[in-house]
Amino acid sequence: MNREQLARRVLELLTAIAPDVEADSVIPGVAFRDQFDFDSMDTLNFAIALHRELGVDVPETDYAHLASLDQCVAYLAERLD
Amino acid sequence: MLTEFRLPALGADMDAGTLVEWHVAPGDRCRRGDVVAVVETDKGAIDVEIFVDGVVRELRVPPGTRVPVGTVLAVLDTEALAAAPESLPAPPPTSTAEGAVAASQQRAKISPAARKRAQELHVDVVSLRGSGPEGAITVQDVERAGPSPQPSPQPSPAVVGEGAAGMRAAIAAAMSRSKREIPHYYLATTVDVTSAVDWLAARNAAAPVTGRLLLPVLLVKAVALACREKAGFSGFYRDGRYDESPVVHVGVAVALRGGGLVAPALADTATRSLAELMDGFRDLVTRARAGRLRASELAAPTIILTSLGEASVDTVLPIIQPPQVAIVGAGVVHVRPWVVDGRVVPRHLLTLSLAADHRVSDGRLGAHFLARIAALIADPAAL
């Protein structure tokens, strides 16, 4: 999976756990929290989705790496290598 | 005996709703707790449960009709079912009517926004396959399906006034009533939650990702246990008198993206494990935002916990939701200097607040109540 495919996949998972978020409106460099009030429940659900769909177990101590789409992709690309 | 099934009130701020669809038809049997109808309200689409066992004789309100709370929606015969032997389980759905009910109850969830779009486009949501979580139908699914060739003959004006603006109006009405009628007093205290934060971190590091807990779940349980020990905070004030609720149902305030909030209850909070409460909490948040809530969940809270920590505010001074008499607030957890055993050390601090009804309790009782919550949080393994 290249970066572009990974970004698309992450966006799919994001909008699946937060269906009230429009995929087209997500700004890659801005924190989810600042864009659409992402809270700790959203982050946990996101981590569960990443584990289930991509097989990546994100420990709580790494949640900061999931703050924005760009950060997610960078973090996951490294973890999936 | 014939019993009237009326549109229940879903808290202080709801006086009407639009019947969206029936899950039962005349002749169907239903049991207490079955979801029999979907009603669109200021709080989104709500599953309305029946409160008796019986056989549906008549549906009085057709879908698309907006009716006030208390309106007779259906008439049931409660004896038709009582005549059947009690010990036997309900027969498996064999007739087409019963099969249809079972199928409709298993069908996908749909977000309020998607439901509204479906109504605008005259899309039959029953025929859709959802692409959202747990098969929930999204706005995109509805729009993909496009307008169905046969628009419904009477586009309902009923949905006007609901959605975000309607919810804001409902919140305004409830909070105005609260501020008008309830003599609030407010208390706040700083709580050292380091032991809870450390305990959670250790527990979550060892647990699979699906087994992780969030701090609000500990707070919910602590509030519930404190309510069992201290009277005057979990119950309802109606017609000039206070009734303590025999069972504590803590409502959790859930903010909706795009504005508005709802506070559905975690039923019988005090007796449930943290893992059960976490599952319940996750389910409520998901359904509040994407799917939908049940009427009983919205009407049930005996006290509410509002956790505004996510918005990074230190202190929330919340407003009581009538007819409740108290609401507990939690701000963000900060690491700050704190004095422990005569030395300044960094600790995780949380400001816990309480708004309570002066007709029922006073500041001294409120202080005891808050102190009890703080003590319970300090020993998370015992929760």
# chains A, B, ... in the order shown; residues from 1 in each chain; ligands from 1
>>> interface_residues(of="chain A", to="chain B", cutoff="9 Å", atoms="only C-alpha atoms", output="compact mmCIF listing (two decimals) with all heavy atoms, in the first residue's frame")
# COMPACT_ATOMS: atom_id res chain seq x y z
N THR A 15 -14.24 7.94 8.51
CA THR A 15 -15.64 8.30 8.28
C THR A 15 -16.57 7.14 8.66
O THR A 15 -17.75 7.35 8.87
CB THR A 15 -15.87 8.71 6.82
OG1 THR A 15 -15.32 7.73 5.96
CG2 THR A 15 -15.22 10.04 6.54
N ALA A 16 -16.00 5.93 8.74
CA ALA A 16 -16.84 4.82 9.20
C ALA A 16 -17.11 4.93 10.70
O ALA A 16 -18.22 4.66 11.15
CB ALA A 16 -16.16 3.48 8.90
N ILE A 17 -16.11 5.36 11.48
CA ILE A 17 -16.36 5.49 12.92
C ILE A 17 -17.02 6.82 13.26
O ILE A 17 -17.63 6.97 14.31
CB ILE A 17 -15.06 5.30 13.77
CG1 ILE A 17 -14.02 6.35 13.41
CG2 ILE A 17 -14.49 3.91 13.63
CD1 ILE A 17 -13.64 7.19 14.58
N ALA A 18 -16.91 7.79 12.37
CA ALA A 18 -17.56 9.10 12.59
C ALA A 18 -18.34 9.45 11.33
O ALA A 18 -17.93 10.27 10.53
CB ALA A 18 -16.53 10.17 12.90
N PRO A 19 -19.50 8.81 11.14
CA PRO A 19 -20.24 8.98 9.88
C PRO A 19 -20.77 10.40 9.69
O PRO A 19 -21.20 10.76 8.61
CB PRO A 19 -21.39 7.98 9.98
CG PRO A 19 -21.48 7.59 11.41
CD PRO A 19 -20.16 7.87 12.05
N ASP A 20 -20.73 11.20 10.75
CA ASP A 20 -21.18 12.58 10.60
C ASP A 20 -20.05 13.49 10.11
O ASP A 20 -20.20 14.70 10.04
CB ASP A 20 -21.78 13.12 11.91
CG ASP A 20 -21.03 12.65 13.14
OD1 ASP A 20 -20.06 11.86 12.99
OD2 ASP A 20 -21.39 13.06 14.25
N VAL A 21 -18.91 12.88 9.73
CA VAL A 21 -17.80 13.65 9.16
C VAL A 21 -17.74 13.37 7.66
O VAL A 21 -17.79 12.22 7.23
CB VAL A 21 -16.46 13.25 9.82
CG1 VAL A 21 -15.27 13.80 9.05
CG2 VAL A 21 -16.43 13.70 11.27
N ARG A 33 -9.28 16.84 16.11
CA ARG A 33 -9.95 17.50 17.24
C ARG A 33 -10.36 18.94 16.89
O ARG A 33 -11.44 19.38 17.24
CB ARG A 33 -9.01 17.52 18.45
CG ARG A 33 -9.50 18.40 19.58
CD ARG A 33 -8.69 18.22 20.82
NE ARG A 33 -8.75 16.84 21.28
CZ ARG A 33 -8.40 16.46 22.51
NH1 ARG A 33 -7.96 17.34 23.37
NH2 ARG A 33 -8.48 15.20 22.86
N PHE A 36 -13.26 18.65 13.79
CA PHE A 36 -14.62 18.19 14.08
C PHE A 36 -14.75 17.61 15.47
O PHE A 36 -15.38 16.56 15.66
CB PHE A 36 -15.15 17.21 13.01
CG PHE A 36 -14.09 16.40 12.33
CD1 PHE A 36 -13.51 15.32 12.95
CD2 PHE A 36 -13.69 16.73 11.03
CE1 PHE A 36 -12.54 14.57 12.32
CE2 PHE A 36 -12.71 15.99 10.39
CZ PHE A 36 -12.14 14.91 11.03
N ASP A 37 -14.18 18.31 16.45
CA ASP A 37 -14.41 17.95 17.85
C ASP A 37 -14.16 16.48 18.15
O ASP A 37 -14.91 15.85 18.89
CB ASP A 37 -15.85 18.30 18.27
CG ASP A 37 -16.04 19.80 18.40
OD1 ASP A 37 -15.04 20.50 18.57
OD2 ASP A 37 -17.20 20.24 18.33
N PHE A 38 -13.12 15.93 17.54
CA PHE A 38 -12.77 14.54 17.84
C PHE A 38 -12.48 14.41 19.32
O PHE A 38 -11.69 15.19 19.88
CB PHE A 38 -11.51 14.17 17.03
CG PHE A 38 -11.63 12.89 16.28
CD1 PHE A 38 -12.71 12.64 15.46
CD2 PHE A 38 -10.63 11.92 16.38
CE1 PHE A 38 -12.81 11.46 14.74
CE2 PHE A 38 -10.72 10.73 15.66
CZ PHE A 38 -11.81 10.51 14.86
N ASP A 39 -13.08 13.46 19.99
CA ASP A 39 -12.85 13.32 21.43
C ASP A 39 -12.20 11.97 21.73
O ASP A 39 -11.84 11.22 20.82
CB ASP A 39 -14.14 13.53 22.22
CG ASP A 39 -15.23 12.54 21.82
OD1 ASP A 39 -14.89 11.46 21.26
OD2 ASP A 39 -16.40 12.83 22.07
N SER A 40 -12.03 11.67 23.02
CA SER A 40 -11.30 10.46 23.38
C SER A 40 -12.04 9.20 22.94
O SER A 40 -11.43 8.19 22.62
CB SER A 40 -11.05 10.44 24.89
OG SER A 40 -12.27 10.55 25.59
N MET A 41 -13.38 9.27 22.90
CA MET A 41 -14.14 8.12 22.42
C MET A 41 -13.89 7.90 20.93
O MET A 41 -13.71 6.77 20.47
CB MET A 41 -15.64 8.35 22.67
CG MET A 41 -16.51 7.21 22.22
SD MET A 41 -16.28 5.72 23.21
CE MET A 41 -17.37 6.11 24.59
N LEU A 44 -10.44 6.38 20.52
CA LEU A 44 -10.44 4.96 20.87
C LEU A 44 -11.10 4.13 19.77
O LEU A 44 -10.58 3.09 19.36
CB LEU A 44 -11.16 4.76 22.21
CG LEU A 44 -11.34 3.32 22.68
CD1 LEU A 44 -10.01 2.58 22.73
CD2 LEU A 44 -11.99 3.30 24.06
N ASN A 45 -12.25 4.60 19.27
CA ASN A 45 -12.92 3.87 18.18
C ASN A 45 -12.04 3.80 16.93
O ASN A 45 -12.04 2.80 16.22
CB ASN A 45 -14.26 4.53 17.85
CG ASN A 45 -15.31 4.26 18.92
OD1 ASN A 45 -15.22 3.27 19.65
ND2 ASN A 45 -16.30 5.13 19.02
N ALA A 47 -8.74 3.82 16.96
CA ALA A 47 -7.68 2.85 17.26
C ALA A 47 -8.20 1.42 17.08
O ALA A 47 -7.49 0.55 16.57
CB ALA A 47 -7.16 3.07 18.68
N ILE A 48 -9.44 1.20 17.51
CA ILE A 48 -10.03 -0.13 17.34
C ILE A 48 -10.16 -0.47 15.85
O ILE A 48 -9.85 -1.58 15.41
CB ILE A 48 -11.41 -0.20 18.04
CG1 ILE A 48 -11.22 -0.13 19.57
CG2 ILE A 48 -12.16 -1.47 17.65
CD1 ILE A 48 -12.51 0.02 20.35
N HIS A 51 -6.84 -1.32 14.36
CA HIS A 51 -6.42 -2.65 14.77
C HIS A 51 -7.15 -3.72 13.96
O HIS A 51 -6.56 -4.67 13.46
CB HIS A 51 -6.70 -2.83 16.26
CG HIS A 51 -6.38 -4.19 16.78
ND1 HIS A 51 -5.10 -4.67 16.87
CD2 HIS A 51 -7.17 -5.20 17.21
CE1 HIS A 51 -5.10 -5.89 17.32
NE2 HIS A 51 -6.35 -6.24 17.54
N ASP A 57 -1.75 -2.34 16.15
CA ASP A 57 -2.19 -2.09 17.53
C ASP A 57 -1.54 -0.79 18.00
O ASP A 57 -0.33 -0.73 18.19
CB ASP A 57 -1.77 -3.27 18.42
CG ASP A 57 -2.44 -3.20 19.78
OD1 ASP A 57 -3.08 -2.16 20.08
OD2 ASP A 57 -2.30 -4.16 20.55
N VAL A 58 -2.36 0.24 18.15
CA VAL A 58 -1.83 1.54 18.57
C VAL A 58 -1.98 1.66 20.08
O VAL A 58 -3.09 1.77 20.58
CB VAL A 58 -2.58 2.70 17.88
CG1 VAL A 58 -1.96 4.04 18.27
CG2 VAL A 58 -2.60 2.52 16.37
N PRO A 59 -0.85 1.64 20.82
CA PRO A 59 -0.98 1.80 22.28
C PRO A 59 -1.44 3.22 22.63
O PRO A 59 -1.24 4.14 21.84
CB PRO A 59 0.44 1.53 22.79
CG PRO A 59 1.33 1.76 21.64
CD PRO A 59 0.54 1.48 20.40
N GLU A 60 -2.04 3.35 23.79
CA GLU A 60 -2.53 4.67 24.22
C GLU A 60 -1.45 5.74 24.17
O GLU A 60 -1.72 6.89 23.85
CB GLU A 60 -3.07 4.58 25.65
CG GLU A 60 -4.53 4.24 25.73
CD GLU A 60 -5.07 4.44 27.15
OE1 GLU A 60 -4.31 4.32 28.13
OE2 GLU A 60 -6.26 4.71 27.26
N THR A 61 -0.23 5.30 24.49
CA THR A 61 0.87 6.27 24.54
C THR A 61 1.21 6.81 23.15
O THR A 61 1.93 7.80 23.03
CB THR A 61 2.12 5.60 25.16
OG1 THR A 61 2.26 4.30 24.57
CG2 THR A 61 1.98 5.46 26.66
>>> residues_around(residues="A:His65", least_positions_apart="3", cutoff="12 Å", atoms="only C-alpha atoms", output="list of chain:residue names")
A:Ala31, A:Phe32, A:Thr43, A:Ala47, A:Val58, A:Pro59, A:Glu60, A:Thr61, A:Asp62, A:Ser68, A:Leu69, A:Asp70, A:Gln71, A:Cys72, A:Val73, A:Ala74, A:Tyr75, A:Leu76, A:Ala77, A:Glu78, A:Arg79
>>> select_by_dssp(residues="stretch 162-308 of chain B", states="strand (DSSP E)", output="number ranges by chain")
B: 184-192, 235-238, 241-244, 250-252, 254-255, 261-262, 265-266, 293-294, 303-307
>>> write_last_selection(atoms="C-alpha atoms", output="tab-separated table (two decimals), in the first residue's frame")
chain	number	residue	atom	x	y	z
B	184	HIS	CA	-29.29	26.17	41.64
B	185	TYR	CA	-26.28	26.21	43.89
B	186	TYR	CA	-22.83	25.42	42.54
B	187	LEU	CA	-19.79	23.78	44.10
B	188	ALA	CA	-16.44	22.87	42.62
B	189	THR	CA	-13.41	21.09	43.97
B	190	THR	CA	-10.02	20.10	42.65
B	191	VAL	CA	-9.48	16.36	42.75
B	192	ASP	CA	-6.14	14.57	42.51
B	235	GLY	CA	-34.27	11.60	41.56
B	236	PHE	CA	-37.00	13.89	40.34
B	237	TYR	CA	-38.64	17.03	41.67
B	238	ARG	CA	-42.25	17.13	40.52
B	241	ARG	CA	-41.99	17.34	46.05
B	242	TYR	CA	-38.80	15.37	45.61
B	243	ASP	CA	-38.72	11.63	45.04
B	244	GLU	CA	-35.40	9.86	45.34
B	250	VAL	CA	-26.54	8.22	35.31
B	251	GLY	CA	-27.06	10.12	32.06
B	252	VAL	CA	-23.94	10.95	30.06
B	254	VAL	CA	-22.92	13.52	24.55
B	255	ALA	CA	-22.04	16.50	22.34
B	261	LEU	CA	-26.25	17.52	22.88
B	262	VAL	CA	-28.19	14.65	24.37
B	265	ALA	CA	-28.79	7.04	30.52
B	266	LEU	CA	-26.57	4.11	31.42
B	293	LEU	CA	-31.42	6.38	20.87
B	294	ARG	CA	-34.30	4.70	22.60
B	303	ILE	CA	-28.68	12.57	37.39
B	304	ILE	CA	-26.33	13.62	34.58
B	305	LEU	CA	-22.55	13.66	34.27
B	306	THR	CA	-21.17	16.18	31.80
B	307	SER	CA	-17.52	15.67	31.01
>>> residues_around(residues="stretch 68-75 of chain B", least_positions_apart="5", cutoff="9 Å", atoms="only C-alpha atoms", output="list in words")
Leu2, Thr3, Glu4, Phe5, Arg6, Leu7, Pro8, Ala9, Leu10, Met14, Asp15, Ala16, Gly17, Thr18, Leu19, Val55, Val56, Arg57, Glu58, Leu59, Arg60, Val61 and Pro62 of chain B
>>> closest_residue(among="A:Ala7, A:Phe46, A:Arg52, A:Leu80", to="A:Ile27", atoms="only C-alpha atoms")
A:Ala7
>>> atom_distance(atom1="atom CA of B:Gln321", atom2="atom CA of B:Glu49")
22.6 Å
>>> residues_around(residues="stretch 28-33 of chain B", least_positions_apart="2", cutoff="6 Å", atoms="only C-alpha atoms", output="VMD selection string")
chain B and resid 25 to 26 49 to 56
>>> atom_distance(atom1="atom CA of B:His23", atom2="atom CA of B:Arg66")
17.4 Å
>>> residues_around(residues="B:Ala355", least_positions_apart="4", cutoff="12 Å", atoms="only C-alpha atoms", output="JSON, numbers by chain")
{"B": [178, 179, 182, 183, 184, 185, 186, 187, 188, 233, 303, 304, 305, 306, 315, 316, 317, 318, 319, 320, 321, 324, 325, 326, 327, 328, 329, 330, 360, 361, 362, 363, 365, 366, 367, 369, 370]}
